[in-house]
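Next up, query19.txt (compact mmCIF, C-alpha atoms and all ligand atoms):
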# COMPACT_ATOMS: atom_id res chain seq x y z
CA MET A 25 305.33 137.64 76.73
CA GLY A 26 306.26 135.11 74.05
CA ILE A 27 306.60 136.67 70.63
CA LYS A 28 308.68 139.84 70.89
CA SER A 29 308.53 140.66 67.18
CA PHE A 30 307.40 139.11 63.95
CA ASP A 31 308.36 140.70 60.61
CA GLN A 32 306.16 139.25 57.90
CA ASN A 33 308.32 140.98 55.26
CA LEU A 34 311.09 138.51 56.14
CA CYS A 35 308.81 135.47 55.85
CA ILE A 36 309.74 133.23 52.94
CA ASN A 37 306.55 132.48 51.08
CA GLY A 38 305.37 128.89 51.61
CA CYS A 39 308.13 127.74 53.96
CA ARG A 40 305.63 126.73 56.73
CA ILE A 41 308.29 125.61 59.23
CA CYS A 42 306.82 127.69 62.05
CA ILE A 43 303.26 126.74 61.10
CA ASP A 44 304.03 123.01 61.06
CA ASP A 45 306.45 122.83 64.00
CA CYS A 46 305.07 125.18 66.69
CA PRO A 47 303.78 122.89 69.49
CA THR A 48 300.91 125.24 70.32
CA ASP A 49 299.92 126.26 66.76
CA VAL A 50 300.65 129.95 67.23
CA PHE A 51 301.16 130.50 63.49
CA ALA A 52 298.71 130.19 60.61
CA PRO A 53 299.08 130.79 56.87
CA GLU A 54 297.74 133.95 55.24
CA PRO A 55 295.51 132.59 52.43
CA ALA A 56 296.24 135.52 50.14
CA THR A 57 300.04 135.43 50.34
CA GLY A 58 301.00 132.01 51.79
CA LYS A 59 303.10 133.81 54.39
CA ALA A 60 302.80 133.02 58.08
CA LYS A 61 301.01 135.22 60.57
CA ALA A 62 301.12 135.07 64.37
CA ALA A 63 297.46 134.15 64.81
CA TYR A 64 297.52 133.11 68.49
CA PRO A 65 300.57 134.78 70.12
CA GLU A 66 299.06 134.37 73.60
CA ASP A 67 299.56 130.59 73.29
CA CYS A 68 303.37 130.82 72.95
CA TRP A 69 305.37 128.67 75.40
CA GLU A 70 308.67 130.43 74.60
CA CYS A 71 310.25 127.16 73.43
CA LEU A 72 312.37 129.10 70.87
CA LEU A 73 311.87 126.50 68.14
CA CYS A 74 310.42 128.93 65.59
CA GLU A 75 313.12 131.56 66.19
CA GLU A 76 315.83 128.92 65.73
CA GLU A 77 314.35 127.34 62.61
CA CYS A 78 312.94 130.30 60.67
CA PRO A 79 315.16 130.67 57.57
CA GLY A 80 314.13 134.32 57.17
CA LYS A 81 314.95 135.26 60.81
CA ALA A 82 311.48 136.79 60.94
CA ILE A 83 310.63 135.76 64.52
CA LYS A 84 312.07 137.01 67.81
CA ILE A 85 310.96 135.40 71.06
CA SER A 86 311.03 136.98 74.51
CA LEU A 87 311.87 134.73 77.45
CA ALA A 88 309.97 136.88 79.95
CA ALA A 89 307.64 134.14 81.18
CA VAL A 90 310.45 131.55 81.46
CA ARG A 91 312.63 134.00 83.41
CA LYS A 92 309.76 134.78 85.75
CA LEU A 93 309.28 131.06 86.39
CA TYR A 94 312.92 130.46 87.36
CA TYR A 95 313.82 133.91 88.75
CA PRO A 96 310.61 135.24 90.30
CA PHE A 97 312.37 138.02 92.26
S1 LIG B 101 309.48 129.77 59.55
FE1 LIG B 101 309.88 131.93 59.01
S2 LIG B 101 310.01 131.94 56.79
FE2 LIG B 101 309.02 130.01 57.38
S3 LIG B 101 306.78 130.44 57.30
FE3 LIG B 101 307.51 130.84 59.41
S4 LIG B 101 307.99 133.05 59.48
FE4 LIG B 101 307.88 132.42 57.32
S1 LIG B 102 308.57 129.89 70.72
FE1 LIG B 102 307.72 127.81 70.49
S2 LIG B 102 305.63 127.98 71.30
FE2 LIG B 102 306.33 130.06 70.90
S3 LIG B 102 305.58 130.54 68.84
FE3 LIG B 102 307.70 129.72 68.65
S4 LIG B 102 307.48 127.52 68.30
FE4 LIG B 102 305.51 128.29 69.08
Before anything else, please render the file you have as structure tokens.
Amino acid sequence: MGIKSFDQNLCINGCRICIDDCPTDVFAPEPATGKAKAAYPEDCWECLLCEEECPGKAIKISLAAVRKLYYPF
């Protein structure tokens, strides 16, 4: 499932941490505002890096795929 929620209102304009650090480039900048958008949410690996590092607490990640991998019952 990956990204459970993303609140762009909480995104701090120009921070770019999620854009620069996501290993699968899920996030991209909105040209008009400089805020991040979840451009490719289907590519999320559920590594939690963006949720941990976002200073605005704008991103919530679901661990559904990871749980299914380790607890498939
Ligand atoms: S890490 Fe958070 S505050 Fe920074 S660009 Fe991404 S969503 Fe916005
Ligand atoms: S959890 Fe990891 S892979 Fe998924 S969007 Fe965040 S940084 Fe990218």
Exercise. Residues up to 10 Å from ligand LIG 101 (chain B), counting all atoms listed in the file: could you list those as a PyMOL selection string?
Key: chain A and resi 30-46+51-54+58-62+73-83
Self-check item: Shell of 10 Å around Cys71 in chain A, all atoms listed in the file, local chain residues under 5 positions omitted, as number ranges by chain
Solution: A: 26, 46-47, 76, 85-87, 90
Quiz item: Distance CA of Tyr64 in chain A-atom S4 of ligand LIG 102 (chain B), one decimal place?
Solution: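 Separation of CA of Tyr64 in chain A and atom S4 of ligand LIG 102 (chain B): 11.4 Å.
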Quiz item: Between A:Ala88, A:Met25, A:Leu93, A:Val50, which is the closest to Pro65 in chain A once you count only C-alpha atoms?
Solution: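 Smallest distance to Pro65 in chain A is found for A:Val50.
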Exercise. Measuring atom to atom with only C-alpha atoms and all ligand atoms, identify which of A:Lys84, A:Glu70, A:Lys92, A:Thr57 is nearest to ligand LIG 102 (chain B).
Key: A:Glu70
Practice problem: Could you check which of A:Leu72, A:Glu66, A:Pro96, A:Ala56 is closest to ligand LIG 102 (chain B), using all atoms listed in the file? | Solution: A:Leu72
Centre, x/y/z edge lengths, axis-aligned box for ligand LIG 102 (chain B) with 4 Å per side, as lines of an AutoDock Vina configuration file:
center_x = 307.0
center_y = 129.0
center_z = 69.8
size_x = 11.1
size_y = 11.0
size_z = 11.0
Self-check item: Minimum-distance residue to ligand LIG 102 (chain B), chosen among A:Ala63, A:Ser29, A:Trp69, A:Tyr94 (using all atoms listed in the file)
Solution: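 Distance minimum relative to ligand LIG 102 (chain B) lands on A:Trp69.
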Taking the structure in the block just given, could you write range 61-74 of chain A with N, CA and C atoms, as a PDB file, in the first residue's frame?
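Resulting contents of part37.pdb:
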ATOM      1  N   LYS A  61       4.841  16.671  -4.156  1.00  0.00           N
ATOM      2  CA  LYS A  61       3.634  15.895  -4.433  1.00  0.00           C
ATOM      3  C   LYS A  61       4.052  14.433  -4.581  1.00  0.00           C
ATOM      4  N   ALA A  62       3.140  13.528  -4.229  1.00  0.00           N
ATOM      5  CA  ALA A  62       3.413  12.104  -4.358  1.00  0.00           C
ATOM      6  C   ALA A  62       3.117  11.715  -5.800  1.00  0.00           C
ATOM      7  N   ALA A  63       4.142  11.807  -6.655  1.00  0.00           N
ATOM      8  CA  ALA A  63       3.940  11.630  -8.090  1.00  0.00           C
ATOM      9  C   ALA A  63       3.845  10.157  -8.490  1.00  0.00           C
ATOM     10  N   TYR A  64       4.575   9.287  -7.779  1.00  0.00           N
ATOM     11  CA  TYR A  64       4.594   7.862  -8.148  1.00  0.00           C
ATOM     12  C   TYR A  64       4.416   7.003  -6.900  1.00  0.00           C
ATOM     13  N   PRO A  65       3.263   7.079  -6.245  1.00  0.00           N
ATOM     14  CA  PRO A  65       3.059   6.360  -4.972  1.00  0.00           C
ATOM     15  C   PRO A  65       3.160   4.846  -5.118  1.00  0.00           C
ATOM     16  N   GLU A  66       2.902   4.335  -6.322  1.00  0.00           N
ATOM     17  CA  GLU A  66       2.968   2.876  -6.536  1.00  0.00           C
ATOM     18  C   GLU A  66       4.398   2.346  -6.432  1.00  0.00           C
ATOM     19  N   ASP A  67       5.390   3.228  -6.465  1.00  0.00           N
ATOM     20  CA  ASP A  67       6.790   2.797  -6.390  1.00  0.00           C
ATOM     21  C   ASP A  67       7.323   2.735  -4.957  1.00  0.00           C
ATOM     22  N   CYS A  68       6.497   3.059  -3.961  1.00  0.00           N
ATOM     23  CA  CYS A  68       6.955   3.103  -2.569  1.00  0.00           C
ATOM     24  C   CYS A  68       7.354   1.726  -2.055  1.00  0.00           C
ATOM     25  N   TRP A  69       8.514   1.649  -1.380  1.00  0.00           N
ATOM     26  CA  TRP A  69       9.018   0.415  -0.796  1.00  0.00           C
ATOM     27  C   TRP A  69       8.673   0.300   0.692  1.00  0.00           C
ATOM     28  N   GLU A  70       8.007   1.308   1.219  1.00  0.00           N
ATOM     29  CA  GLU A  70       7.664   1.335   2.652  1.00  0.00           C
ATOM     30  C   GLU A  70       8.918   1.328   3.530  1.00  0.00           C
ATOM     31  N   CYS A  71       9.934   2.095   3.139  1.00  0.00           N
ATOM     32  CA  CYS A  71      11.175   2.141   3.929  1.00  0.00           C
ATOM     33  C   CYS A  71      11.048   3.087   5.127  1.00  0.00           C
ATOM     34  N   LEU A  72      10.026   3.938   5.145  1.00  0.00           N
ATOM     35  CA  LEU A  72       9.707   4.857   6.244  1.00  0.00           C
ATOM     36  C   LEU A  72      10.600   6.096   6.317  1.00  0.00           C
ATOM     37  N   LEU A  73      11.571   6.211   5.438  1.00  0.00           N
ATOM     38  CA  LEU A  73      12.520   7.319   5.517  1.00  0.00           C
ATOM     39  C   LEU A  73      11.813   8.672   5.435  1.00  0.00           C
ATOM     40  N   CYS A  74      10.893   8.811   4.496  1.00  0.00           N
ATOM     41  CA  CYS A  74      10.232  10.116   4.318  1.00  0.00           C
ATOM     42  C   CYS A  74       9.371  10.467   5.533  1.00  0.00           C
TER      43      CYS A  74
END
